[in-house]
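Peer 1: Mind having a look at this structure? Questions to follow.
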Amino acid sequence: MGKISSLKINTIFNAIYQILTLLVPLITTPFISRTLGPEAVGQYSLYFSIVSYFVLIATFGFNDLGTKAISEARDDKVRKTSVFFSILIGKLIFGILVLGAFLIYVFFSSNDLRTWVCYLSLGLYILATALDFTFFFQGEERFVGICIRNILMRILTLILIFVLIKDSDDLWVYCLILGAGQLFASVIMFFGFKRDSFARISVNDIHPLIYIKQSFPYFIPSLSVSLFTYLNQILLGIMNVSDAENGYYGMAIKIVQILSVLAGSISIIMFSRISYLMEINDKEEIKKKIKQTFSAFWIIALPLFFGLYSICELFIPLFLGPGYEKVILLVYILAPQIILGPLNGLYGYLYFRPSNKIRIQTAIIFGASVLNIILTLLLIPSYQSIGTSIGKVCAELIQLPLLIYFSRGFIGIKESYKEGLKPLISSVIMIACTFLTKYLLKIVIHNDFVLLLIIILEGVFVYYIFELILKDSLVFNTSKQIVNFILKKIQKNKA
């Protein structure tokens with residue numbers, strides 16, 4: 001077997017990137033919400049949700065299939081080379097077709113030049129998708145290069161946003177920065193290939209049509225997920241709800257999704273590893289990795305979920321500024337998504353996709369999507385963005401018991417959820433302490449930013465201390481390793 005990057009190193013770099021992914025929107029969103037205003041933010045949310053469907057079609061399940069196929073073939077350079085170029089050509093074919101369809105849609109959807117420019121700028125996401133080689137590096141578990149690429153892109157995008165965005169008339173500039181940044185991130189991945197990454201193969205070894213066919217089962221779950229990720233905002237626009245309502249929902253779901261991405265960041269790493277372990281039929285290692293994955297998930301997801309409830313009332317006004325008060329209520333409703341979304345995804349990446357049982361997951365997700373659409377259509381007329389939020393959470397909630405049932409023979413229920421008991425206790429104690437502190441300190445501290453900072457630091461400290469007291473294996477052992485490493489360094493320097 002070729003040299004494979006350490007799982008720990010991949011996890012650390014992925015965590016660094018996910019933290020940056022969390023921090024960049026935390027920095028830019030307050031600036032954008034104040035500079036563009038609720039209406040322009042609502043327009044952007046609508047434009048982006050529509051473009052996202054074209055991006056989804058251009059992706060067509062190639063990334064998940066590619067990650068799985070490359071991970072299975074990474075010990076055979078000839079097979080790996082054939083897989084890579086077959087999938088890459090398939091992606092390019094789909095990308096060109098989708099880009100053409102998108103340009104036709106833009107031409108007929110509006111006569112407004114400003115809208116055209118915003119759509120075309122965001123349309124660069126489609127081109128970036130067609131040129132995206134990420135699946136190759138994910139399949140080889142070379143996440144360090146992916147993370148470095150994305151970190152550079154995030155920093156560049158951040159700088160351009162603060163320099164170039166001045167008022168609501170700069171919505172098109174904002175769209176251009178995001179679209180061009182994504183395209184740039186895809187192009188620079190080309191420099192991540194090594195000279196010996198591929199073997200010499202003939203044209204007859206490249207079969208894009210076969211992989212296009214095999215990608216379809218991976219496309220349907222992504223389509224279904226997107227139905228209640230972006231369709232909700234489209235429905236708000238179709239049903240003549242104000243741009244401001246769309247903006248409120250867009251901001252609320254963005255905040256929750258930032259935390260959801262952080263909670264589910266380990267999924268794609270484990271997808272590559274589990275696919276490889278299934279290929280070599282290492283059942284004991286698979287069980288071990290599944291247990292470790294759920295342990296890491298609960299340690300991250302539970303404090304994020306409870307922590308958001310404890311700071312939301314202070315955080316939203318400081319984060320978004322005046323005019324976004326309704327977002328507080330929407331975040332309260334959507335917060336369970338921090339656990340439900342990544343947890344549902346975890347079952348897909350640990351079992352259904354690596355074991356080629358994706359059709360079962362597809363049926364579950366599609367049913368949940370239909371429920372989401374029905375609930376949203378029924379609730380929007382009376383409750384607007386609140387109804388949309390309720391529909392989304394219900395759709396996520398209905399998936400979980402079905403995913404658990406159909407994967408019960410592979411992912412043990414008791415073992416997986418037992419791992420969450422200690423983080424749950426620590427999180428409940430954390431939220432109790434932070435709520436008490438918040439209401440006591442409000443009497444003497446009148447600066448909300450200072451109060452928010454104190455509560456966050458207290459929450460992190462209390463959660464960590466109780467995880468150590470309860471001797472959560474992952475937190476305790478990792479902390480022990482870090483302390484031992486520091487002590488060794490100190491002793492080495494003294495010597």
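Following the order of the structure tokens, first chain is A, next is B, and so on, with residues numbered from 1 inside each chain and ligands from 1 in the order they appear.
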Excluding Leu178 (chain A) and its own-chain neighbours fewer than 5 positions away, which residues fall within 9 Å of it when counting only C-alpha atoms? Please give them as a list of chain:residue names.
Peer 2: A:Ser121, A:Leu122, A:Leu124, A:Tyr125, A:Thr157, A:Ile161, A:Val173, A:Leu183
Peer 1: For Pro322 (chain A), work out the shell of residues within 12 Å, counting only C-alpha atoms and skipping chain neighbours fewer than 2 positions away, then give it as a list of chain:residue names.
Peer 2: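 Those residues are A:Pro30, A:Ser33, A:Arg34, A:Thr35, A:Gly37, A:Pro38, A:Tyr248, A:Ile316, A:Pro317, A:Leu318, A:Phe319, A:Leu320, A:Tyr324, A:Glu325, A:Lys326, A:Val327, A:Ile328.
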Peer 1: Pick from A:Pro342, A:Gly90, A:Gly247, A:Gly409: nearest to Lys213 (chain A), with only C-alpha atoms counted?
Peer 2: A:Gly90
Peer 1: Return the single residue from A:Arg142, A:Ile50, A:Thr478, A:Ile253 that is closest to Ser109 (chain A), with distances computed using only C-alpha atoms.
Peer 2: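 For Ser109 (chain A), the nearest of the given residues is A:Ile50.
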Peer 1: Need the shell around Ser197 (chain A): protein/DNA/RNA residues with any atom at most 9 Å away, counting only C-alpha atoms. Skip same-chain ones fewer than 4 positions apart. Format as a list of chain:residue names?
Peer 2: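 Close residues of Ser197 (chain A): A:Lys77, A:Thr81, A:Phe193.
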Peer 1: Please return, as number ranges by chain, all residues of region 102-296 of chain A that DSSP assigns to alpha helix (DSSP H) on the basis of the backbone.
Peer 2: A: 102-109, 113-122, 124-130, 134-139, 143-164, 171-188, 208-227, 231-238, 243-263, 267-279, 283-296
